[in-house]
Amino acid sequence: MKPIKMRAEVNNCGIVRLCFAVFVAIGAAIPLTEVAAATTAPSSLYDLTTNGSDASGSVANNDYSTTGTGSYHGTRAFDGTDTHELRRWLPKVTANMWVVYTFNVPTVVDSIGILLPNADYATAKRAPNAWTFHGSNDKSTWEKLDEQSGETNWSVNEKRYYKFSNTKAYKYYKFNCTANNGATDFMQIQEMEFYCTGTGDSTWTGGGETSLVNDDANWGGAAMPGSEYEAYIDDTGETPATVPSGLTVYKFLRLGNESGNSAKVVQTTGTVRLSGNSTIGRAGATGEYAISGGRLVIGSNLYLSAVAGGKSNGILDISGDGEVELGGKFMLCANQASAGSTACVNISGNGKLTVTGEMDIGTDGNSAATTGTVYQTGGALTAKSMMVGFEGSNYGEYLMSGGNCSVENLHIGHENGTGNIEMTGGNCSVKELFVGYGDSGTGNVEMTGGTLSATSSLSIGRFGYGTFSASGDATVVTATNVRVGFSYQNDSRKGYGTFIVTNGAEVATTKIYAGAEKSHVDRAKVVFDGAVLTATAASAEFLKDLPDVTLGAGGLTINTEGNAVTIANCAFVAEPGAKITVTGGGTVTFEDCTVAFTEKPGRSFAFAETDGVFSGMPAFSNIGGSHVEMSGDNKKIGIVRHGLMIIFR
């Protein structure tokens with residue numbers, strides 16, 4: 001199949017891909033006998049159900065009739081496996097042996113292919129003889145698209161194709177077999193494929209501001225391309241063409257495809273749909289997609305900057321009321337992108353980016369130095385998981401100053417990659433957050449504003465190098481704990497973590513602790529200098545096993561929220577003027593803790609009970625010429641050592 005060269009930039013647009021079917025009366029579909037025994041589809045057909053890189057849908061549990069064993073369920077008809085015995089669909093003989101395939105986005109289907117197993121397995125008798133084929137957009141009301149009967153004389157490994165008239169896009173398609181060829185046990189199909197046929201190769205010949213992508217006059221060859229073809233937009237320095245609203249690309253888009261070229265799409269309205277993997281900035285080219293209105297819906301993966309061939313640059317700009325929805329992965333620098341390639345996503349206004357799968361910012365798979373960046377000043381970003389800086393020498397960066405972000409699992413600096421998040425505003429919610437993860441990944445989080453919420457946990461330095469700093473108006477909320485440094489006793493991976501809270505920033509949690517085994521516990525470092533720690537529940541381990549806690553002159557305020565909390569087995573280094581203040585009406589208890597003064601004259605340390613109680617006291621060291629001030633009513637605190645003066649205020 002030849003690619004379609006769309007030599008244009010596009011603005012004010014949706015990108016168009018319509019399926020032009022060959023019209024045949026419903027109920028009179030014609031087997032394509034010239035390819036009936038072929039094992040692959042002819043070049044004029046594009047398989048919409050391939051379970052590979054262009055997969056665009058799936059079969060869910062219970063979306064098929066009962067099978068003989070669990071290995072032969074309905075999903076096997078669409079798993080892309082043509083030969084394996086256990087990968088065939090084998091429903092028991094009933095009045096209706098059916099399966100429903102669900103596309104990620106509504107898709108036009110006008111042909112189906114049926115392949116039988118490559119071994120006998122009673123092929124001739126178990127083969128389908130009669131069936132109906134239906135489409136639906138609500139899985140309730142079904143429209144018949146095709147009906148077949150009398151399909152006999154099947155042979156091993158035979159593949160037949162059936163074409164019918166349909167130009168409407170449906171989300172759900174149902175194949176309902178009503179009879180096989182005489183077997184009393186099962187009906188069987190090795191593989192089933194759904195297609196949309198096309199009109200032949202076309203090349204973009206239009207140009208200029210008034211050229212319309214959905215105008216046949218602007219296409220060479222067979223005029224407007226059919227849906228099974230690739231959309232290439234690869235202009236250099238030309239005025240963008242205009243694409244009207246409401247148009248669709250069914251296969252995939254390559255925006256900026258050849259080295260040295262650049263191309264841009266501007267969408268302000270309508271809906272653009274792509275079923276397969278799409279790329280913006282490929283093989284040394286620059287591609288930019290700017291959407292300020294309407295929707296861009298991609299059923300599979302999207303890559304910004306991909307494939308070797310020179311430094312690529314891919315840009316996705318989501319602003320205004322634009323929406324981008326991805327049914328697969330979203331990768332910024334990927335698929336062997338050349339060193340120096342960059343990828344950038346901008347989210348502003350009310351723009352929305354929704355990624356069903358994983359979102360990788362700065363990754364390529366071959367250890368080349370690439371950079372991926374996300375800027376968010378508004379709007380909303382939602383992803384199942386996000387890797388910021390993934391693999392090799394790749395660098396990923398997420399800069400957030402506004403809007404909302406929701407990610408189930410967020411890894412910053414993963415598997416030797418380097419990741420950085422800077423947050424000055426906005427709200428970000430994650431389930432689990434890992435900073436510096438796996439095989440020397442390096443991660444950094446710097447918050448000076450906004451709110452970051454981790455509904456499960458926050459790990460800083462989990463087998464990698466992690467630094468997390470919060471200051472100023474930053475708020476960090478964890479439902480359970482903050483784990484600083486994590487590695488196993490006999491594990492060669494590092495697990496170094498640094499947690500810095502300064503200048504009024506607040507951390508609300510139940511526990512902050514060193515997560516490493518005892519032999520590695522020195523890999524956790526904590527700094528409190530003007531920090532506010534809020535106890536979200538009573539905790540006997542509020543601060544625990546922290547070997548290196550620096551208390552700056554700005555001090556540490558513990559807001560107990562009426563809870564009793566314990567600081568256990570922690571070693572503090574107190575700078576001049578350091579102070580711990582308890583508020584919130586609860587009790588803070590010290591167990592097996594130490595405080596060492598720094599090597600500076602005039603050293604002092606203060607416990608302040610503004611609304612709460614201290615219990616117990618750390619052991620002080622390096623105390624010559626130092627004093628500890630105790631404010632409040634608690635007179636239980638007090639150990640007098642040589643050279644240390646304790647003053648009760």
# chains A, B, ... in the order shown; residues from 1 in each chain; ligands from 1
>>> residues_around(residues="region 542-552 of chain A", least_positions_apart="6", cutoff="8 Å", atoms="only C-alpha atoms", output="PyMOL selection string")
chain A and resi 510-514+521-522+524-530+535+565-579
>>> residues_around(residues="Thr107 (chain A)", least_positions_apart="4", cutoff="8 Å", atoms="only C-alpha atoms", output="list in words")
Phe103, Lys168, Ala169, Tyr170, Lys171 and Tyr250 of chain A
>>> write_last_selection(atoms="N, CA, C and O atoms", output="PDB file, in the first residue's frame")
ATOM      1  N   PHE A 103     -14.933  -0.789  18.810  1.00  0.00           N
ATOM      2  CA  PHE A 103     -13.881   0.123  18.383  1.00  0.00           C
ATOM      3  C   PHE A 103     -13.700   1.229  19.420  1.00  0.00           C
ATOM      4  O   PHE A 103     -14.653   1.606  20.120  1.00  0.00           O
ATOM      5  N   LYS A 168     -21.490   4.289   7.141  1.00  0.00           N
ATOM      6  CA  LYS A 168     -21.749   4.859   8.465  1.00  0.00           C
ATOM      7  C   LYS A 168     -20.759   4.306   9.481  1.00  0.00           C
ATOM      8  O   LYS A 168     -20.445   3.108   9.479  1.00  0.00           O
ATOM      9  N   ALA A 169     -20.264   5.171  10.356  1.00  0.00           N
ATOM     10  CA  ALA A 169     -19.328   4.757  11.396  1.00  0.00           C
ATOM     11  C   ALA A 169     -20.093   4.245  12.612  1.00  0.00           C
ATOM     12  O   ALA A 169     -20.958   4.937  13.158  1.00  0.00           O
ATOM     13  N   TYR A 170     -19.767   3.037  13.040  1.00  0.00           N
ATOM     14  CA  TYR A 170     -20.361   2.441  14.242  1.00  0.00           C
ATOM     15  C   TYR A 170     -19.247   2.145  15.250  1.00  0.00           C
ATOM     16  O   TYR A 170     -18.112   1.829  14.883  1.00  0.00           O
ATOM     17  N   LYS A 171     -19.611   2.196  16.514  1.00  0.00           N
ATOM     18  CA  LYS A 171     -18.656   1.849  17.568  1.00  0.00           C
ATOM     19  C   LYS A 171     -18.653   0.343  17.839  1.00  0.00           C
ATOM     20  O   LYS A 171     -17.623  -0.240  18.156  1.00  0.00           O
ATOM     21  N   TYR A 250      -9.279   8.139   9.232  1.00  0.00           N
ATOM     22  CA  TYR A 250      -9.533   6.864   9.882  1.00  0.00           C
ATOM     23  C   TYR A 250      -8.291   6.042  10.191  1.00  0.00           C
ATOM     24  O   TYR A 250      -8.298   5.263  11.129  1.00  0.00           O
TER      25      TYR A 250
END
>>> closest_residue(among="A:Gly299, A:Asn277, A:Ala183, A:Gly450", to="Thr102 (chain A)", atoms="only C-alpha atoms")
A:Gly299
>>> closest_residue(among="A:Gly417, A:Gly443, A:Gly584, A:Gly372", to="Gly497 (chain A)", atoms="only C-alpha atoms")
A:Gly443
>>> residues_around(residues="Glu325 (chain A)", least_positions_apart="3", cutoff="7 Å", atoms="only C-alpha atoms", output="ChimeraX atom specification")
/A:296-298,353-355
>>> closest_residue(among="A:Thr356, A:Thr583, A:Thr370, A:Lys329", to="Gly314 (chain A)", atoms="only C-alpha atoms")
A:Thr370
>>> closest_residue(among="A:Thr279, A:Tyr172, A:Ser385, A:Met97", to="Ala60 (chain A)", atoms="only C-alpha atoms")
A:Tyr172
>>> atom_distance(atom1="CA of Ser459 (chain A)", atom2="CA of Tyr496 (chain A)")
10.5 Å
>>> select_by_dssp(residues="region 251-383 of chain A", states="strand (DSSP E or B)", output="PyMOL selection string")
chain A and resi 252-255+262-267+271-274+278-282+286-291+295-298+302-306+313-318+323-326+330-334+342-347+352-361+371-376+380-383
>>> residues_around(residues="Asp360 (chain A)", least_positions_apart="5", cutoff="9 Å", atoms="only C-alpha atoms", output="ChimeraX atom specification")
/A:329-334,372,385-390,396
>>> write_last_selection(atoms="all heavy atoms", output="mmCIF file, in the first residue's frame")
data_model
loop_
_atom_site.group_PDB
_atom_site.id
_atom_site.type_symbol
_atom_site.label_atom_id
_atom_site.label_comp_id
_atom_site.auth_asym_id
_atom_site.auth_seq_id
_atom_site.Cartn_x
_atom_site.Cartn_y
_atom_site.Cartn_z
ATOM 1 N N LYS A 329 -1.094 4.799 24.056
ATOM 2 C CA LYS A 329 -0.004 5.506 24.725
ATOM 3 C C LYS A 329 0.238 6.867 24.080
ATOM 4 O O LYS A 329 -0.085 7.094 22.922
ATOM 5 C CB LYS A 329 1.287 4.691 24.655
ATOM 6 C CG LYS A 329 1.277 3.403 25.451
ATOM 7 C CD LYS A 329 2.632 2.722 25.341
ATOM 8 C CE LYS A 329 2.677 1.433 26.153
ATOM 9 N NZ LYS A 329 4.010 0.778 26.057
ATOM 10 N N PHE A 330 0.897 7.740 24.861
ATOM 11 C CA PHE A 330 1.339 9.037 24.358
ATOM 12 C C PHE A 330 2.802 9.164 24.726
ATOM 13 O O PHE A 330 3.159 9.194 25.902
ATOM 14 C CB PHE A 330 0.522 10.161 24.994
ATOM 15 C CG PHE A 330 0.818 11.528 24.430
ATOM 16 C CD1 PHE A 330 1.430 11.702 23.203
ATOM 17 C CD2 PHE A 330 0.466 12.668 25.143
ATOM 18 C CE1 PHE A 330 1.702 12.951 22.685
ATOM 19 C CE2 PHE A 330 0.720 13.933 24.644
ATOM 20 C CZ PHE A 330 1.337 14.071 23.415
ATOM 21 N N MET A 331 3.673 9.232 23.706
ATOM 22 C CA MET A 331 5.105 9.208 23.958
ATOM 23 C C MET A 331 5.774 10.431 23.346
ATOM 24 O O MET A 331 5.640 10.685 22.148
ATOM 25 C CB MET A 331 5.718 7.922 23.410
ATOM 26 C CG MET A 331 5.053 6.664 23.945
ATOM 27 S SD MET A 331 5.764 5.124 23.317
ATOM 28 C CE MET A 331 7.255 5.038 24.317
ATOM 29 N N LEU A 332 6.492 11.172 24.184
ATOM 30 C CA LEU A 332 7.237 12.343 23.746
ATOM 31 C C LEU A 332 8.684 11.933 23.555
ATOM 32 O O LEU A 332 9.408 11.699 24.533
ATOM 33 C CB LEU A 332 7.137 13.478 24.771
ATOM 34 C CG LEU A 332 5.853 14.319 24.747
ATOM 35 C CD1 LEU A 332 4.646 13.497 25.156
ATOM 36 C CD2 LEU A 332 6.002 15.519 25.680
ATOM 37 N N CYS A 333 9.106 11.823 22.287
ATOM 38 C CA CYS A 333 10.385 11.267 21.854
ATOM 39 C C CYS A 333 10.329 9.754 22.037
ATOM 40 O O CYS A 333 10.341 9.256 23.159
ATOM 41 C CB CYS A 333 11.581 11.857 22.603
ATOM 42 S SG CYS A 333 11.807 13.623 22.333
ATOM 43 N N ALA A 334 10.232 9.034 20.919
ATOM 44 C CA ALA A 334 10.002 7.594 21.014
ATOM 45 C C ALA A 334 10.477 6.888 19.759
ATOM 46 O O ALA A 334 10.877 7.515 18.781
ATOM 47 C CB ALA A 334 8.508 7.332 21.227
ATOM 48 N N GLY A 372 11.750 15.688 26.328
ATOM 49 C CA GLY A 372 10.312 15.882 26.237
ATOM 50 C C GLY A 372 9.851 16.830 27.323
ATOM 51 O O GLY A 372 10.297 16.733 28.465
ATOM 52 N N SER A 385 -1.011 6.465 33.589
ATOM 53 C CA SER A 385 0.304 6.535 34.224
ATOM 54 C C SER A 385 1.171 7.506 33.439
ATOM 55 O O SER A 385 0.911 7.779 32.272
ATOM 56 C CB SER A 385 0.974 5.158 34.289
ATOM 57 O OG SER A 385 1.210 4.654 32.992
ATOM 58 N N MET A 386 2.205 8.024 34.091
ATOM 59 C CA MET A 386 3.076 8.997 33.438
ATOM 60 C C MET A 386 4.514 8.748 33.863
ATOM 61 O O MET A 386 4.808 8.604 35.050
ATOM 62 C CB MET A 386 2.665 10.425 33.806
ATOM 63 C CG MET A 386 3.504 11.505 33.123
ATOM 64 S SD MET A 386 3.082 13.184 33.698
ATOM 65 C CE MET A 386 1.411 13.347 33.070
ATOM 66 N N MET A 387 5.405 8.668 32.876
ATOM 67 C CA MET A 387 6.844 8.559 33.104
ATOM 68 C C MET A 387 7.489 9.856 32.629
ATOM 69 O O MET A 387 7.390 10.201 31.451
ATOM 70 C CB MET A 387 7.437 7.391 32.325
ATOM 71 C CG MET A 387 6.751 6.063 32.543
ATOM 72 S SD MET A 387 7.111 5.346 34.148
ATOM 73 C CE MET A 387 6.223 3.792 34.002
ATOM 74 N N VAL A 388 8.149 10.568 33.524
ATOM 75 C CA VAL A 388 8.819 11.813 33.169
ATOM 76 C C VAL A 388 10.321 11.553 33.200
ATOM 77 O O VAL A 388 10.926 11.448 34.261
ATOM 78 C CB VAL A 388 8.450 12.951 34.143
ATOM 79 C CG1 VAL A 388 9.092 14.267 33.701
ATOM 80 C CG2 VAL A 388 6.940 13.100 34.244
ATOM 81 N N GLY A 389 10.933 11.401 32.013
ATOM 82 C CA GLY A 389 12.345 11.030 31.924
ATOM 83 C C GLY A 389 12.480 9.528 32.049
ATOM 84 O O GLY A 389 12.603 8.997 33.146
ATOM 85 N N PHE A 390 12.448 8.825 30.913
ATOM 86 C CA PHE A 390 12.371 7.367 30.929
ATOM 87 C C PHE A 390 13.444 6.779 30.025
ATOM 88 O O PHE A 390 13.481 7.047 28.831
ATOM 89 C CB PHE A 390 10.976 6.952 30.469
ATOM 90 C CG PHE A 390 10.727 5.474 30.449
ATOM 91 C CD1 PHE A 390 11.209 4.668 31.464
ATOM 92 C CD2 PHE A 390 10.010 4.890 29.427
ATOM 93 C CE1 PHE A 390 10.967 3.301 31.462
ATOM 94 C CE2 PHE A 390 9.757 3.526 29.405
ATOM 95 C CZ PHE A 390 10.240 2.731 30.430
ATOM 96 N N GLY A 396 13.021 14.293 30.716
ATOM 97 C CA GLY A 396 11.626 14.686 30.675
ATOM 98 C C GLY A 396 11.339 15.763 31.689
ATOM 99 O O GLY A 396 11.912 15.773 32.784
#
>>> residues_around(residues="Arg462 (chain A)", least_positions_apart="4", cutoff="8 Å", atoms="only C-alpha atoms", output="ChimeraX atom specification")
/A:434-438,466,485-487,494-497
>>> write_last_selection(atoms="N, CA, C and O atoms", output="PDB file, in the first residue's frame")
ATOM      1  N   PHE A 434       6.504   8.341  42.448  1.00  0.00           N
ATOM      2  CA  PHE A 434       7.869   7.869  42.640  1.00  0.00           C
ATOM      3  C   PHE A 434       8.829   8.887  42.035  1.00  0.00           C
ATOM      4  O   PHE A 434       8.733   9.198  40.845  1.00  0.00           O
ATOM      5  N   VAL A 435       9.748   9.384  42.845  1.00  0.00           N
ATOM      6  CA  VAL A 435      10.734  10.368  42.400  1.00  0.00           C
ATOM      7  C   VAL A 435      12.105   9.699  42.426  1.00  0.00           C
ATOM      8  O   VAL A 435      12.654   9.431  43.495  1.00  0.00           O
ATOM      9  N   GLY A 436      12.673   9.419  41.233  1.00  0.00           N
ATOM     10  CA  GLY A 436      13.925   8.671  41.157  1.00  0.00           C
ATOM     11  C   GLY A 436      13.639   7.194  41.327  1.00  0.00           C
ATOM     12  O   GLY A 436      13.703   6.662  42.434  1.00  0.00           O
ATOM     13  N   TYR A 437      13.310   6.521  40.220  1.00  0.00           N
ATOM     14  CA  TYR A 437      12.796   5.154  40.312  1.00  0.00           C
ATOM     15  C   TYR A 437      13.612   4.221  39.431  1.00  0.00           C
ATOM     16  O   TYR A 437      13.743   4.417  38.232  1.00  0.00           O
ATOM     17  N   GLY A 438      14.162   3.187  40.040  1.00  0.00           N
ATOM     18  CA  GLY A 438      14.695   2.065  39.293  1.00  0.00           C
ATOM     19  C   GLY A 438      15.985   2.295  38.548  1.00  0.00           C
ATOM     20  O   GLY A 438      16.089   3.187  37.728  1.00  0.00           O
ATOM     21  N   GLY A 466      16.399  10.566  44.158  1.00  0.00           N
ATOM     22  CA  GLY A 466      15.226  11.418  44.155  1.00  0.00           C
ATOM     23  C   GLY A 466      15.360  12.600  45.091  1.00  0.00           C
ATOM     24  O   GLY A 466      15.853  12.469  46.218  1.00  0.00           O
ATOM     25  N   GLY A 485      14.125   7.570  50.379  1.00  0.00           N
ATOM     26  CA  GLY A 485      15.173   6.566  50.172  1.00  0.00           C
ATOM     27  C   GLY A 485      14.597   5.176  50.303  1.00  0.00           C
ATOM     28  O   GLY A 485      13.961   4.851  51.302  1.00  0.00           O
ATOM     29  N   PHE A 486      14.791   4.350  49.279  1.00  0.00           N
ATOM     30  CA  PHE A 486      14.272   2.983  49.351  1.00  0.00           C
ATOM     31  C   PHE A 486      15.193   2.056  48.589  1.00  0.00           C
ATOM     32  O   PHE A 486      15.457   2.239  47.407  1.00  0.00           O
ATOM     33  N   SER A 487      15.692   1.033  49.280  1.00  0.00           N
ATOM     34  CA  SER A 487      16.474  -0.018  48.640  1.00  0.00           C
ATOM     35  C   SER A 487      16.557  -1.189  49.605  1.00  0.00           C
ATOM     36  O   SER A 487      16.398  -1.029  50.816  1.00  0.00           O
ATOM     37  N   LYS A 494      20.593   1.995  44.105  1.00  0.00           N
ATOM     38  CA  LYS A 494      20.978   2.982  45.102  1.00  0.00           C
ATOM     39  C   LYS A 494      19.884   3.325  46.101  1.00  0.00           C
ATOM     40  O   LYS A 494      19.959   3.005  47.258  1.00  0.00           O
ATOM     41  N   GLY A 495      18.876   4.014  45.683  1.00  0.00           N
ATOM     42  CA  GLY A 495      17.817   4.406  46.597  1.00  0.00           C
ATOM     43  C   GLY A 495      18.194   5.543  47.517  1.00  0.00           C
ATOM     44  O   GLY A 495      18.105   5.416  48.740  1.00  0.00           O
ATOM     45  N   TYR A 496      18.637   6.688  46.948  1.00  0.00           N
ATOM     46  CA  TYR A 496      18.963   7.874  47.733  1.00  0.00           C
ATOM     47  C   TYR A 496      17.820   8.883  47.609  1.00  0.00           C
ATOM     48  O   TYR A 496      17.421   9.239  46.497  1.00  0.00           O
ATOM     49  N   GLY A 497      17.320   9.365  48.748  1.00  0.00           N
ATOM     50  CA  GLY A 497      16.225  10.311  48.726  1.00  0.00           C
ATOM     51  C   GLY A 497      16.493  11.538  49.581  1.00  0.00           C
ATOM     52  O   GLY A 497      17.070  11.435  50.669  1.00  0.00           O
TER      53      GLY A 497
END
>>> residues_around(residues="Thr424 (chain A)", least_positions_apart="6", cutoff="7 Å", atoms="only C-alpha atoms", output="list in words")
Met400, Ser401, Met447, Thr448, Gly449 and Gly450 of chain A
>>> residues_around(residues="Asp321 (chain A)", least_positions_apart="4", cutoff="7 Å", atoms="only C-alpha atoms", output="PyMOL selection string")
chain A and resi 292-293+350-351
>>> write_last_selection(atoms="N, CA and C atoms", output="tab-separated table (two decimals), in the first residue's frame")
chain	number	residue	atom	x	y	z
A	292	SER	N	-7.47	24.47	19.24
A	292	SER	CA	-8.07	25.43	20.18
A	292	SER	C	-9.57	25.24	20.28
A	293	GLY	N	-10.11	24.30	19.53
A	293	GLY	CA	-11.53	23.97	19.56
A	293	GLY	C	-11.76	22.64	18.89
A	350	ASN	N	-8.96	26.15	28.59
A	350	ASN	CA	-9.79	25.02	29.01
A	350	ASN	C	-9.42	23.74	28.27
A	351	GLY	N	-8.24	23.72	27.70
A	351	GLY	CA	-7.81	22.56	26.93
A	351	GLY	C	-7.78	21.30	27.77
>>> decode(residues="region 408-424 of chain A", atoms="N, CA, C and O atoms", output="mmCIF file, in the first residue's frame")
data_model
loop_
_atom_site.group_PDB
_atom_site.id
_atom_site.type_symbol
_atom_site.label_atom_id
_atom_site.label_comp_id
_atom_site.auth_asym_id
_atom_site.auth_seq_id
_atom_site.Cartn_x
_atom_site.Cartn_y
_atom_site.Cartn_z
ATOM 1 N N GLU A 408 -2.736 8.160 37.647
ATOM 2 C CA GLU A 408 -2.776 7.067 38.617
ATOM 3 C C GLU A 408 -1.390 6.803 39.192
ATOM 4 O O GLU A 408 -1.213 6.739 40.401
ATOM 5 N N ASN A 409 -0.397 6.609 38.339
ATOM 6 C CA ASN A 409 0.975 6.376 38.791
ATOM 7 C C ASN A 409 1.907 7.332 38.068
ATOM 8 O O ASN A 409 1.922 7.379 36.839
ATOM 9 N N LEU A 410 2.698 8.080 38.839
ATOM 10 C CA LEU A 410 3.601 9.081 38.280
ATOM 11 C C LEU A 410 5.031 8.743 38.681
ATOM 12 O O LEU A 410 5.354 8.690 39.868
ATOM 13 N N HIS A 411 5.874 8.480 37.679
ATOM 14 C CA HIS A 411 7.289 8.174 37.905
ATOM 15 C C HIS A 411 8.124 9.321 37.332
ATOM 16 O O HIS A 411 7.990 9.657 36.154
ATOM 17 N N ILE A 412 9.015 9.865 38.134
ATOM 18 C CA ILE A 412 9.858 10.970 37.703
ATOM 19 C C ILE A 412 11.313 10.503 37.747
ATOM 20 O O ILE A 412 11.863 10.263 38.824
ATOM 21 N N GLY A 413 11.939 10.350 36.568
ATOM 22 C CA GLY A 413 13.281 9.787 36.495
ATOM 23 C C GLY A 413 13.210 8.284 36.653
ATOM 24 O O GLY A 413 13.364 7.754 37.744
ATOM 25 N N HIS A 414 12.960 7.565 35.548
ATOM 26 C CA HIS A 414 12.694 6.133 35.604
ATOM 27 C C HIS A 414 13.702 5.378 34.745
ATOM 28 O O HIS A 414 13.955 5.747 33.594
ATOM 29 N N GLU A 415 14.284 4.326 35.311
ATOM 30 C CA GLU A 415 15.188 3.439 34.567
ATOM 31 C C GLU A 415 16.288 4.217 33.837
ATOM 32 O O GLU A 415 16.359 4.226 32.608
ATOM 33 N N ASN A 416 17.139 4.890 34.581
ATOM 34 C CA ASN A 416 18.284 5.638 34.061
ATOM 35 C C ASN A 416 17.917 6.950 33.387
ATOM 36 O O ASN A 416 18.791 7.691 32.947
ATOM 37 N N GLY A 417 16.647 7.250 33.275
ATOM 38 C CA GLY A 417 16.241 8.538 32.728
ATOM 39 C C GLY A 417 16.299 9.623 33.789
ATOM 40 O O GLY A 417 16.425 9.364 34.985
ATOM 41 N N THR A 418 16.204 10.871 33.339
ATOM 42 C CA THR A 418 16.202 12.020 34.244
ATOM 43 C C THR A 418 14.899 12.779 34.066
ATOM 44 O O THR A 418 14.544 13.162 32.948
ATOM 45 N N GLY A 419 14.181 12.972 35.172
ATOM 46 C CA GLY A 419 12.904 13.654 35.110
ATOM 47 C C GLY A 419 12.828 14.804 36.086
ATOM 48 O O GLY A 419 13.415 14.761 37.167
ATOM 49 N N ASN A 420 12.109 15.848 35.687
ATOM 50 C CA ASN A 420 11.999 17.042 36.524
ATOM 51 C C ASN A 420 10.566 17.564 36.468
ATOM 52 O O ASN A 420 9.974 17.672 35.393
ATOM 53 N N ILE A 421 10.004 17.883 37.636
ATOM 54 C CA ILE A 421 8.714 18.536 37.713
ATOM 55 C C ILE A 421 8.879 19.837 38.491
ATOM 56 O O ILE A 421 9.426 19.842 39.599
ATOM 57 N N GLU A 422 8.424 20.923 37.883
ATOM 58 C CA GLU A 422 8.391 22.211 38.569
ATOM 59 C C GLU A 422 6.940 22.653 38.641
ATOM 60 O O GLU A 422 6.263 22.774 37.618
ATOM 61 N N MET A 423 6.466 22.912 39.860
ATOM 62 C CA MET A 423 5.065 23.238 40.069
ATOM 63 C C MET A 423 4.965 24.558 40.820
ATOM 64 O O MET A 423 5.428 24.677 41.958
ATOM 65 N N THR A 424 4.371 25.551 40.150
ATOM 66 C CA THR A 424 4.187 26.858 40.784
ATOM 67 C C THR A 424 2.720 27.151 41.054
ATOM 68 O O THR A 424 2.398 28.159 41.688
#
